[in-house]
Structures are given as C-alpha cells and as structure tokens.
>>> print(open('entry-v4.txt').read())   # compact mmCIF, C-alpha atoms
# COMPACT_ATOMS: atom_id res chain seq x y z
CA MET A 1 11.56 8.24 0.11
CA SER A 2 10.22 11.41 1.63
CA ALA A 3 6.92 11.13 3.43
CA ALA A 4 5.81 14.38 1.87
CA ARG A 5 5.77 13.11 -1.69
CA THR A 6 2.42 12.51 -3.38
CA ALA A 7 1.16 10.97 -6.59
CA ARG A 8 0.72 14.39 -8.10
CA THR A 9 4.27 15.58 -7.57
CA VAL A 10 6.62 12.62 -7.75
CA LEU A 11 5.52 9.74 -9.94
CA ALA A 12 8.36 7.36 -9.24
CA ALA A 13 7.99 7.68 -5.48
CA THR A 14 4.30 6.84 -5.56
CA LEU A 15 4.06 4.02 -8.04
CA VAL A 16 4.96 1.31 -5.59
CA ALA A 17 5.51 3.24 -2.38
CA GLY A 18 1.90 3.84 -1.49
CA LEU A 19 2.73 6.98 0.48
CA THR A 20 0.01 8.94 -1.24
CA ALA A 21 -2.07 11.82 0.03
CA THR A 22 -4.47 9.21 1.39
CA VAL A 23 -2.31 8.67 4.43
CA LEU A 24 0.04 11.62 4.55
CA ALA A 25 -2.09 14.70 4.95
CA THR A 26 -1.89 16.17 8.44
CA PRO A 27 -4.90 18.42 8.86
CA ALA A 28 -5.47 20.44 11.97
CA LEU A 29 -7.34 18.60 14.70
CA ALA A 30 -10.82 19.97 15.29
CA ALA A 31 -12.96 19.51 18.36
CA GLN A 32 -16.23 18.53 16.72
CA ALA A 33 -17.28 14.91 16.18
CA PRO A 34 -17.70 13.44 12.69
CA SER A 35 -21.04 14.13 11.08
CA HIS A 36 -22.74 12.71 7.98
CA PRO A 37 -25.98 14.67 7.61
CA GLN A 38 -26.13 13.95 3.87
CA GLY A 39 -25.01 10.34 3.87
CA HIS A 40 -22.22 9.87 1.37
CA ALA A 41 -22.92 12.99 -0.68
CA ALA A 42 -19.58 14.55 0.28
CA THR A 43 -17.73 11.40 -0.75
CA GLN A 44 -19.40 11.42 -4.16
CA GLN A 45 -18.52 15.09 -4.52
CA ALA A 46 -14.87 14.25 -3.83
CA LEU A 47 -14.90 11.60 -6.56
CA ASP A 48 -16.52 14.01 -9.00
CA ALA A 49 -13.96 16.69 -8.12
CA ALA A 50 -11.09 14.29 -8.80
CA VAL A 51 -12.44 13.60 -12.29
CA ALA A 52 -12.98 17.30 -12.87
CA ASP A 53 -9.32 17.82 -11.96
CA GLY A 54 -8.19 15.35 -14.61
CA VAL A 55 -8.45 11.82 -13.16
CA PRO A 56 -10.03 9.62 -15.87
CA GLY A 57 -12.02 7.52 -13.40
CA ALA A 58 -12.64 7.11 -9.68
CA VAL A 59 -14.45 4.60 -7.49
CA ALA A 60 -15.10 4.32 -3.76
CA GLN A 61 -17.12 2.01 -1.56
CA ALA A 62 -18.03 2.51 2.08
CA ARG A 63 -19.61 0.49 4.87
CA ASP A 64 -20.88 1.95 8.12
CA GLY A 65 -22.69 -0.61 10.21
CA ARG A 66 -25.40 -1.96 7.91
CA ASP A 67 -25.08 0.94 5.48
CA ARG A 68 -23.49 0.06 2.13
CA TRP A 69 -22.61 2.63 -0.53
CA THR A 70 -20.78 2.68 -3.87
CA GLY A 71 -19.81 5.79 -5.80
CA THR A 72 -18.15 6.18 -9.19
CA ALA A 73 -17.10 9.02 -11.47
CA GLY A 74 -15.73 9.05 -14.99
CA GLU A 75 -14.21 5.85 -16.39
CA ARG A 76 -14.76 3.58 -13.43
CA LYS A 77 -17.27 0.87 -12.48
CA GLY A 78 -18.27 0.02 -8.93
CA ASN A 79 -16.97 -3.56 -9.13
CA ASP A 80 -13.72 -2.77 -10.93
CA ARG A 81 -10.60 -4.64 -9.91
CA TYR A 82 -7.37 -2.66 -9.70
CA ARG A 83 -3.75 -2.89 -8.68
CA VAL A 84 -3.59 -1.87 -5.02
CA GLY A 85 0.14 -1.14 -4.81
CA SER A 86 1.46 -0.79 -1.27
CA ILE A 87 -1.79 -1.92 0.33
CA THR A 88 -0.07 -5.27 -0.31
CA LYS A 89 2.19 -4.47 2.64
CA THR A 90 -0.60 -4.99 5.15
CA PHE A 91 -1.23 -8.49 3.76
CA THR A 92 2.47 -9.32 3.98
CA ALA A 93 2.79 -8.06 7.56
CA THR A 94 -0.34 -9.98 8.60
CA VAL A 95 1.18 -13.26 7.43
CA LEU A 96 4.38 -12.66 9.40
CA LEU A 97 2.41 -11.87 12.56
CA GLN A 98 0.46 -15.10 12.08
CA LEU A 99 3.70 -17.05 11.73
CA GLN A 100 4.99 -15.46 14.93
CA ALA A 101 1.81 -16.48 16.78
CA GLU A 102 2.49 -20.05 15.64
CA GLY A 103 6.00 -19.91 17.06
CA ARG A 104 7.64 -20.27 13.66
CA ILE A 105 9.42 -16.92 13.75
CA ASP A 106 10.08 -14.07 16.15
CA LEU A 107 9.75 -10.59 14.65
CA ASP A 108 12.76 -9.60 16.72
CA ASP A 109 14.89 -12.16 14.89
CA PRO A 110 17.71 -10.60 12.87
CA VAL A 111 17.10 -10.64 9.13
CA GLU A 112 20.44 -12.44 8.76
CA LYS A 113 18.99 -15.49 10.55
CA TRP A 114 16.47 -16.05 7.77
CA LEU A 115 18.25 -14.50 4.81
CA PRO A 116 21.98 -15.04 5.38
CA GLY A 117 24.15 -12.85 3.22
CA VAL A 118 21.25 -11.08 1.50
CA VAL A 119 21.32 -7.75 3.37
CA ARG A 120 24.97 -6.93 3.03
CA GLY A 121 27.10 -4.30 1.32
CA ASN A 122 27.73 -0.56 1.43
CA GLY A 123 27.04 -0.46 5.16
CA HIS A 124 23.95 -2.69 5.16
CA ASP A 125 24.16 -5.53 7.67
CA GLY A 126 21.26 -7.94 8.14
CA SER A 127 22.63 -9.13 11.48
CA GLY A 128 21.79 -5.75 13.01
CA ILE A 129 18.30 -5.40 11.51
CA THR A 130 15.20 -7.18 12.83
CA VAL A 131 12.21 -8.43 10.89
CA ARG A 132 10.09 -5.99 12.92
CA GLN A 133 12.21 -3.10 11.66
CA LEU A 134 11.43 -4.20 8.11
CA LEU A 135 7.70 -4.03 8.83
CA ASN A 136 7.69 -0.58 10.46
CA HIS A 137 10.30 0.97 8.13
CA THR A 138 12.90 1.66 10.81
CA SER A 139 15.54 -0.61 9.23
CA GLY A 140 17.37 2.14 7.37
CA ILE A 141 17.59 -0.04 4.26
CA TYR A 142 17.69 1.94 1.02
CA SER A 143 14.56 1.66 -1.13
CA TYR A 144 15.29 0.13 -4.52
CA THR A 145 12.57 2.33 -6.06
CA GLU A 146 14.79 5.35 -5.30
CA ASP A 147 17.56 4.07 -7.57
CA PRO A 148 17.79 6.46 -10.57
CA ALA A 149 18.47 3.75 -13.15
CA PHE A 150 15.59 1.66 -11.82
CA GLN A 151 13.29 4.67 -11.94
CA GLU A 152 14.17 5.42 -15.54
CA ARG A 153 13.65 1.83 -16.66
CA VAL A 154 10.55 1.04 -14.64
CA PHE A 155 8.74 4.33 -13.97
CA GLY A 156 9.87 6.56 -16.82
CA PRO A 157 9.49 6.21 -20.59
CA GLY A 158 11.59 3.05 -20.38
CA PHE A 159 8.53 1.33 -18.94
CA LEU A 160 7.03 0.99 -22.42
CA GLU A 161 9.95 -1.20 -23.46
CA HIS A 162 10.41 -3.05 -20.17
CA ARG A 163 6.84 -3.41 -18.86
CA TYR A 164 6.93 -7.22 -19.18
CA ASP A 165 10.37 -7.75 -17.63
CA THR A 166 10.56 -10.13 -14.68
CA TRP A 167 12.43 -9.08 -11.56
CA THR A 168 13.30 -11.58 -8.84
CA PRO A 169 13.12 -10.42 -5.22
CA ARG A 170 16.89 -10.89 -4.92
CA GLN A 171 17.46 -8.63 -7.94
CA LEU A 172 15.35 -5.89 -6.33
CA VAL A 173 17.25 -6.21 -3.05
CA ASP A 174 20.57 -6.11 -4.87
CA VAL A 175 19.57 -2.77 -6.42
CA ALA A 176 19.17 -1.43 -2.88
CA MET A 177 22.43 -2.97 -1.65
CA ALA A 178 24.36 -0.93 -4.22
CA HIS A 179 23.55 2.14 -2.10
CA LYS A 180 24.38 3.14 1.46
CA PRO A 181 21.71 2.81 4.18
CA ASP A 182 19.52 5.79 4.94
CA PHE A 183 20.39 5.61 8.66
CA ALA A 184 21.48 3.17 11.37
CA PRO A 185 18.77 0.56 12.17
CA GLY A 186 16.20 1.76 14.68
CA THR A 187 17.37 5.38 14.75
CA SER A 188 14.85 6.95 12.35
CA TRP A 189 12.02 6.21 9.90
CA ASN A 190 11.99 6.11 6.12
CA TYR A 191 9.63 4.34 3.76
CA SER A 192 11.50 1.63 1.86
CA ASN A 193 9.95 -0.86 -0.53
CA THR A 194 13.02 -3.06 -0.06
CA ASN A 195 11.82 -3.76 3.48
CA PHE A 196 8.74 -5.59 2.27
CA VAL A 197 10.45 -7.39 -0.59
CA LEU A 198 12.69 -8.81 2.14
CA ALA A 199 9.64 -9.56 4.31
CA GLY A 200 8.23 -11.64 1.46
CA MET A 201 11.53 -13.49 1.17
CA VAL A 202 11.43 -14.21 4.91
CA ILE A 203 7.92 -15.68 4.57
CA GLU A 204 9.15 -17.96 1.79
CA LYS A 205 12.11 -19.08 3.91
CA VAL A 206 9.88 -19.84 6.91
CA THR A 207 7.07 -21.60 5.00
CA GLY A 208 9.01 -23.13 2.13
CA ARG A 209 6.58 -21.61 -0.39
CA PRO A 210 6.28 -18.23 -2.12
CA TYR A 211 4.83 -15.52 0.10
CA GLY A 212 1.84 -15.22 -2.26
CA LYS A 213 0.73 -18.76 -1.39
CA ALA A 214 0.72 -17.84 2.29
CA VAL A 215 -1.39 -14.76 1.53
CA GLU A 216 -3.83 -16.89 -0.47
CA ASN A 217 -4.13 -19.66 2.12
CA ARG A 218 -4.15 -17.48 5.24
CA ILE A 219 -6.10 -14.41 4.14
CA ILE A 220 -7.72 -14.60 0.71
CA LYS A 221 -9.38 -18.02 1.08
CA PRO A 222 -10.54 -17.71 4.73
CA LEU A 223 -12.10 -14.30 4.06
CA LYS A 224 -13.50 -15.40 0.67
CA LEU A 225 -11.89 -12.46 -1.13
CA ARG A 226 -13.06 -13.42 -4.60
CA ALA A 227 -11.59 -10.39 -6.39
CA THR A 228 -8.18 -10.51 -4.70
CA THR A 229 -5.18 -12.15 -6.38
CA VAL A 230 -1.41 -12.28 -5.99
CA PRO A 231 -0.45 -12.21 -9.68
CA GLY A 232 3.28 -12.99 -9.47
CA THR A 233 4.51 -12.38 -13.02
CA ARG A 234 1.10 -12.39 -14.73
CA SER A 235 0.78 -9.10 -16.58
CA ALA A 236 -2.88 -8.94 -17.62
CA MET A 237 -5.61 -7.45 -15.46
CA PRO A 238 -8.58 -9.70 -14.61
CA GLU A 239 -12.08 -8.55 -15.49
CA PRO A 240 -13.97 -6.47 -14.62
CA SER A 241 -11.47 -3.63 -14.73
CA SER A 242 -11.04 -0.25 -16.38
CA PRO A 243 -7.87 0.99 -18.11
CA ALA A 244 -5.08 2.49 -16.02
CA TYR A 245 -3.32 5.62 -17.24
CA SER A 246 0.07 7.22 -16.59
CA LYS A 247 2.17 10.05 -18.01
CA LEU A 248 5.37 8.15 -17.09
CA SER A 249 6.90 11.52 -16.36
CA ARG A 250 6.96 14.37 -13.87
CA ASP A 251 6.16 16.71 -16.75
CA GLU A 252 2.50 17.71 -16.46
CA ASN A 253 2.39 18.21 -20.23
CA ALA A 254 3.66 14.72 -21.05
CA PRO A 255 1.36 12.44 -23.09
CA VAL A 256 -0.91 9.95 -21.33
CA HIS A 257 -0.23 6.23 -21.79
CA GLU A 258 -2.45 3.23 -21.13
CA VAL A 259 -0.45 1.12 -18.64
CA SER A 260 -2.88 -1.54 -17.39
CA ASP A 261 -0.71 -4.52 -18.35
CA LEU A 262 2.63 -4.88 -16.58
CA ASN A 263 4.73 -7.50 -14.87
CA PRO A 264 4.07 -6.85 -11.15
CA SER A 265 7.29 -8.55 -10.06
CA ILE A 266 8.67 -4.99 -9.91
CA ALA A 267 6.73 -4.73 -6.65
CA GLY A 268 6.37 -8.26 -5.27
CA ALA A 269 5.48 -8.45 -1.58
CA ALA A 270 5.74 -4.66 -1.41
CA GLY A 271 2.97 -3.91 -3.90
CA GLU A 272 1.75 -6.51 -6.40
CA ILE A 273 -1.75 -7.49 -5.23
CA ILE A 274 -4.91 -6.92 -7.31
CA SER A 275 -8.23 -6.45 -5.52
CA ASP A 276 -11.44 -4.41 -5.49
CA SER A 277 -13.08 -2.02 -3.07
CA ARG A 278 -15.36 -4.65 -1.56
CA ASP A 279 -12.56 -7.09 -0.77
CA LEU A 280 -10.30 -4.41 0.67
CA GLN A 281 -13.00 -3.36 3.10
CA THR A 282 -13.59 -6.95 4.10
CA PHE A 283 -9.87 -7.46 4.72
CA TYR A 284 -9.24 -4.34 6.79
CA SER A 285 -12.44 -4.72 8.79
CA ALA A 286 -11.59 -8.34 9.60
CA LEU A 287 -8.05 -7.35 10.52
CA LEU A 288 -9.04 -4.57 12.93
CA LYS A 289 -11.77 -6.75 14.46
CA GLY A 290 -9.18 -9.39 15.35
CA ARG A 291 -10.33 -12.11 12.94
CA LEU A 292 -6.87 -12.60 11.41
CA LEU A 293 -4.53 -12.05 14.35
CA THR A 294 -4.34 -12.86 18.02
CA LYS A 295 -5.00 -10.06 20.49
CA ASP A 296 -1.26 -9.71 21.07
CA GLY A 297 -0.55 -9.78 17.35
CA LEU A 298 -3.01 -7.00 16.61
CA LYS A 299 -1.55 -4.97 19.47
CA GLU A 300 1.90 -5.32 17.90
CA MET A 301 0.61 -4.37 14.46
CA THR A 302 -1.09 -1.24 15.78
CA THR A 303 1.90 -0.10 17.85
CA THR A 304 3.11 2.81 15.77
CA VAL A 305 6.25 4.85 15.35
CA GLN A 306 6.25 8.49 14.32
CA ILE A 307 7.14 8.97 10.68
CA SER A 308 8.16 12.62 10.99
CA PRO A 309 7.63 15.61 13.30
CA GLU A 310 6.14 17.24 10.21
CA TYR A 311 3.27 14.73 10.38
CA PRO A 312 2.36 14.37 14.08
CA ASN A 313 -1.08 12.91 13.29
CA VAL A 314 0.32 9.97 11.33
CA GLY A 315 1.96 6.85 12.75
CA TYR A 316 3.24 3.66 11.12
CA GLY A 317 2.73 0.26 12.72
CA LEU A 318 3.59 -3.08 11.12
CA GLY A 319 2.43 -2.63 7.54
CA LEU A 320 -0.43 -0.49 8.83
CA MET A 321 -0.82 3.27 9.20
CA LYS A 322 -2.80 5.34 11.70
CA GLN A 323 -4.10 8.79 10.85
CA LYS A 324 -6.13 11.34 12.80
CA LEU A 325 -8.38 13.33 10.48
CA SER A 326 -9.49 16.97 10.69
CA CYS A 327 -12.66 16.05 12.59
CA GLY A 328 -10.77 13.99 15.17
CA GLU A 329 -11.72 10.62 13.69
CA GLU A 330 -8.95 8.03 13.82
CA VAL A 331 -8.59 5.71 10.84
CA TRP A 332 -6.28 2.81 10.08
CA GLY A 333 -5.19 1.44 6.74
CA HIS A 334 -2.76 2.05 3.92
CA GLY A 335 -2.45 3.85 0.60
CA GLY A 336 -1.13 2.28 -2.54
CA GLY A 337 0.24 3.34 -5.89
CA ILE A 338 1.53 1.62 -8.98
CA HIS A 339 1.47 2.56 -12.65
CA GLY A 340 -1.87 4.18 -13.46
CA SER A 341 -3.42 3.26 -10.14
CA THR A 342 -3.76 5.16 -6.85
CA SER A 343 -5.65 3.29 -4.12
CA LEU A 344 -6.92 3.93 -0.61
CA ALA A 345 -8.19 1.69 2.18
CA GLN A 346 -9.17 3.02 5.61
CA VAL A 347 -11.20 1.72 8.54
CA THR A 348 -12.04 2.89 12.05
CA ARG A 349 -10.32 1.12 14.93
CA ASP A 350 -13.45 -0.91 15.73
CA GLY A 351 -13.62 -2.12 12.13
CA GLU A 352 -17.19 -0.87 11.66
CA HIS A 353 -16.77 2.06 9.27
CA SER A 354 -14.61 1.33 6.23
CA LEU A 355 -13.71 2.95 2.94
CA ALA A 356 -11.77 1.71 -0.08
CA GLY A 357 -11.32 3.17 -3.52
CA ASN A 358 -9.13 3.89 -6.50
CA PHE A 359 -8.19 6.50 -9.09
CA ASN A 360 -7.10 5.04 -12.44
CA ALA A 361 -4.30 7.59 -12.82
CA ASP A 362 -1.05 8.37 -11.01
CA TRP A 363 -0.40 12.02 -11.88
CA GLU A 364 -3.54 13.73 -10.61
CA GLY A 365 -6.10 13.54 -7.81
CA ASP A 366 -6.06 13.74 -4.02
CA THR A 367 -7.40 10.64 -2.28
CA GLU A 368 -7.11 12.42 1.07
CA LYS A 369 -10.15 14.46 0.08
CA VAL A 370 -12.15 11.25 -0.39
CA VAL A 371 -11.12 10.02 3.07
CA GLU A 372 -12.00 13.33 4.74
CA ALA A 373 -15.33 13.40 2.90
CA GLU A 374 -16.35 9.92 4.03
CA PHE A 375 -15.24 10.00 7.66
CA CYS A 376 -15.73 13.69 8.42
CA GLY A 377 -18.47 14.64 5.95
CA THR A 378 -16.23 17.36 4.53
CA GLY A 379 -16.74 17.96 0.83
CA PRO A 380 -14.08 19.42 -1.46
CA LYS A 381 -13.73 23.18 -1.44
CA LYS A 382 -14.91 24.89 -4.59
>>> encode(input="entry-v4.txt", output="structure tokens")
Amino acid sequence: MSAARTARTVLAATLVAGLTATVLATPALAAQAPSHPQGHAATQQALDAAVADGVPGAVAQARDGRDRWTGTAGERKGNDRYRVGSITKTFTATVLLQLQAEGRIDLDDPVEKWLPGVVRGNGHDGSGITVRQLLNHTSGIYSYTEDPAFQERVFGPGFLEHRYDTWTPRQLVDVAMAHKPDFAPGTSWNYSNTNFVLAGMVIEKVTGRPYGKAVENRIIKPLKLRATTVPGTRSAMPEPSSPAYSKLSRDENAPVHEVSDLNPSIAGAAGEIISDSRDLQTFYSALLKGRLLTKDGLKEMTTTVQISPEYPNVGYGLGLMKQKLSCGEEVWGHGGGIHGSTSLAQVTRDGEHSLAGNFNADWEGDTEKVVEAEFCGTGPKK
C-alpha cells in the first residue's frame, strides 16, 4: 500500500498496516538541536489537540533518562492496554534475528526453503524471495489487506458481521497469492502485511511452535512485559482498557462504532499484539540498547532501505523504521493501526529517550504531531 496513506484518509490501509502519520511525515530538516524548555507541555498539547479534532481518547508516555511522564486526554487512562497493530512487526523481526544468531536460520534463505509451495501463483515465487526481503518489505509480495473483498469483509461494514471470524495464516497468504506481485523481488519497496504473516509462519517452521510462543519466551518474559500479550484468536480486550472506535468507512459522516472486541487472527504476526505505553517503551529501549540482539543482529535490523524518494527522511530496516524529525532528531520505532486503535512507539538510537502512545480511533488524529512535540518540543499549531 502507498506510503503516503494515513489513518485519516484511508481506513483499510491503516488498520493493520501501521504506516500512519507517526512514521511517514517528512518534515524539513532544521539546523537547531531539540529543546524541551517546558518539559512535556508540548506533548500534552498535542494529545489535547487530537481530542479537540475528534479523537475520543489519547494517551502517551515518555522516558528521558530518569524523567518519567504520562499524559492523557479524553477517554483514555494512563495505564490502558490497546491493540498495537503493526508494532507487532518489530517483535516478529526480533525473533527471526535471534534465531539467525543461534544458527537456526539465515535471513538470506529463500522463503521456499522454509515454506515450500506457499508463496506461489500469479507470478509469486518463494524460491526467489529471501526472508530478509520479507522483513524489509522488498519482496514485492502483494499485501492481502489490499484485496477489495477482504477490505469489505474485514474493514468495512462487513466487520460487524465477521468480527469474530478466524483466519489462518495460510488463508491470509492465499488471499495475496490471488494477485500479481507488486514488483520483482529486491527491485523496489512496498509495505505488505503478507510479508510478516509469512515471517510468523517461518518462525513456526523453525521452532516447531506458533510464532507467538517465541515472542512470549524470547521477549515478553525476559523483559517482564506484564501488559503485553499475543492474543491469537482471543477477541476480548484485557483490563484496564478503554473502548476503541471506528467509522468502518472512508465517509467522514459515517456513524461511529465501538470495535474493541475482534478476532486478531486477521493480523497475526503482522499486527495482533496487545500492549501498553510502558511496555512498548521498555521493549524498544531494550532493543536499541542491544539487550535483545547481538551487535551484528542489531546492525542488520537498523540497516535501512529507502521507502520512497518522496520520503527521504524515512528508512525501513528489518521490522523497524528510522525517521529524522524537523529538529534533526533521529528516532527509531514503528507505527501501528487496527480497528479503533492508532499507536506509536519511538526511541532515540541510544535507547534513552522513548515515547509510546495510542489514539482510540482510526479515522482522526495525527500521531506525528505527538512525536514532534515530544522529541522536538514543537506544539501543534493553532
């Protein structure tokens, strides 16, 4: 899907894709260094502005050295759990890099080696696509979330009837295989949720257990992420949490629906995880500080490809994005979206200054403004 799409303009593209304004804005690079003369006042202003624009509730937490801050606005609590959408991709990629460090897989292995016959049809060929190309979205594999019938059933009004349906990873991949590839492997970049559904399938093939168990045993338990879960097919949200809202339509005048409960198998290893702002900061800080990967593994993860000449300040690594903000600050992380939930998680390269947050809506709000406010001290324009 196009890198330019945001939660405000294209619902179906954002719900699982995670390419929200959090990581896609490309502001002009300024010469001055970041400044926070008023602490987190600008960040709170950005949350308040989002609610004023129509987001029911917003939350953000930040850490900067020993400084800890939590801000909320509207229908959100500071310790709310929420569906993080495509932030899941960083967890999935981390597991595969760990498995490579253990000599159990090589990211340059062809997908066909691990998933014979799965990536095949309409020009797709798993023998010419590497696992690495899945993780940095250079595979060319069509994204199943772009399929019109899937969008209508899962993202549109059909969601209300099908919200509890279970989708297997193979079913999601087969939706993608009914379409032609976006491009030849390694020749371009395009965000595809199919890539990470396949990555989860590879983890299961290598370990003999569902990818979620690897995430739990290798990341959640070691980091003591008490609010983070891989729900599988469980539809209910754990407490504490606030309702999630969606219009299930691109029509700004469409009615608002409460969409908290859903079967997250529609996203799987591409976007199913539930977490909170505290855990997300712990995860990304630990990752960038080298607590989860070897030095070589972290170097591979942070080796980025350009997503588009239109966005020269944004690069995509292995399940991890790099962005240069308007003040020159460089942040790493990922955005995430799923029904009624738009999430952000960013951290500086040294892992010291982190930010994570969520809007409980998918049709309104600009999380990029929250990121700019926290790391550059730039409040929303009135």
>>> closest_residue(input="entry-v4.txt", among="A:Asp366, A:Asp125, A:Asp350, A:Glu372", to="Asp53 of chain A", atoms="all atoms listed in the file")
A:Asp366
>>> residues_around(input="entry-v4.txt", residues="Pro157 of chain A", least_positions_apart="5", cutoff="9 Å", atoms="all atoms listed in the file", output="list of chain:residue names")
A:Glu152, A:Lys247, A:Leu248, A:Ser249
>>> closest_residue(input="entry-v4.txt", among="A:Val197, A:Val206, A:Ala267, A:Leu47", to="Gly103 of chain A", atoms="only C-alpha atoms")
A:Val206
>>> atom_distance(input="entry-v4.txt", atom1="atom CA of Tyr191 of chain A", atom2="atom CA of Gly319 of chain A")
10.7 Å
>>> closest_residue(input="entry-v4.txt", among="A:Phe196, A:Tyr211, A:Tyr144, A:Phe150", to="Ala176 of chain A", atoms="only C-alpha atoms")
A:Tyr144
>>> axis_aligned_box(input="entry-v4.txt", around="segment 276-286 of chain A", padding_each_side="6 Å", output="lines of an AutoDock Vina configuration file")
center_x = -12.3
center_y = -5.2
center_z = 2.1
size_x = 18.1
size_y = 18.3
size_z = 27.1
>>> closest_atom_pairs(input="entry-v4.txt", of="segment 82-179 of chain A", to="segment 278-298 of chain A", cutoff="8 Å", atoms="all atoms listed in the file", output="Markdown table")
| residue | atom | partner | partner_atom | distance |
| --- | --- | --- | --- | --- |
| A:Thr94 | CA | A:Leu293 | CA | 7.4 |
| A:Leu97 | CA | A:Gly297 | CA | 6.0 |
| A:Gln98 | CA | A:Leu293 | CA | 6.3 |
| A:Ala101 | CA | A:Gly297 | CA | 7.1 |
>>> residues_around(input="entry-v4.txt", residues="Phe375 of chain A", least_positions_apart="2", cutoff="12 Å", atoms="all atoms listed in the file", output="PyMOL selection string")
chain A and resi 33-37+39-43+62-64+323-332+346-348+352-356+368-373+377-379
>>> closest_residue(input="entry-v4.txt", among="A:Glu272, A:Asp261, A:Glu300, A:Glu310", to="Ser86 of chain A", atoms="only C-alpha atoms")
A:Glu272
>>> residues_near_point(input="entry-v4.txt", point="(6.9, 4.6, -17.4)", cutoff="9 Å", atoms="all atoms listed in the file", output="list in words")
Ala12, Gln151, Glu152, Arg153, Val154, Phe155, Gly156, Pro157, Gly158, Phe159, Leu160, Glu161, His162, Arg163, Ser246, Lys247, Leu248, Ser249, His257, Val259 and His339 of chain A
>>> closest_residue(input="entry-v4.txt", among="A:Gly126, A:Pro312, A:Gly317, A:Gly365", to="Lys113 of chain A", atoms="all atoms listed in the file")
A:Gly126
>>> atom_distance(input="entry-v4.txt", atom1="atom CA of Lys221 of chain A", atom2="atom CA of Tyr316 of chain A")
27.0 Å
>>> atom_distance(input="entry-v4.txt", atom1="atom CA of Ile203 of chain A", atom2="atom CA of Gly340 of chain A")
28.6 Å
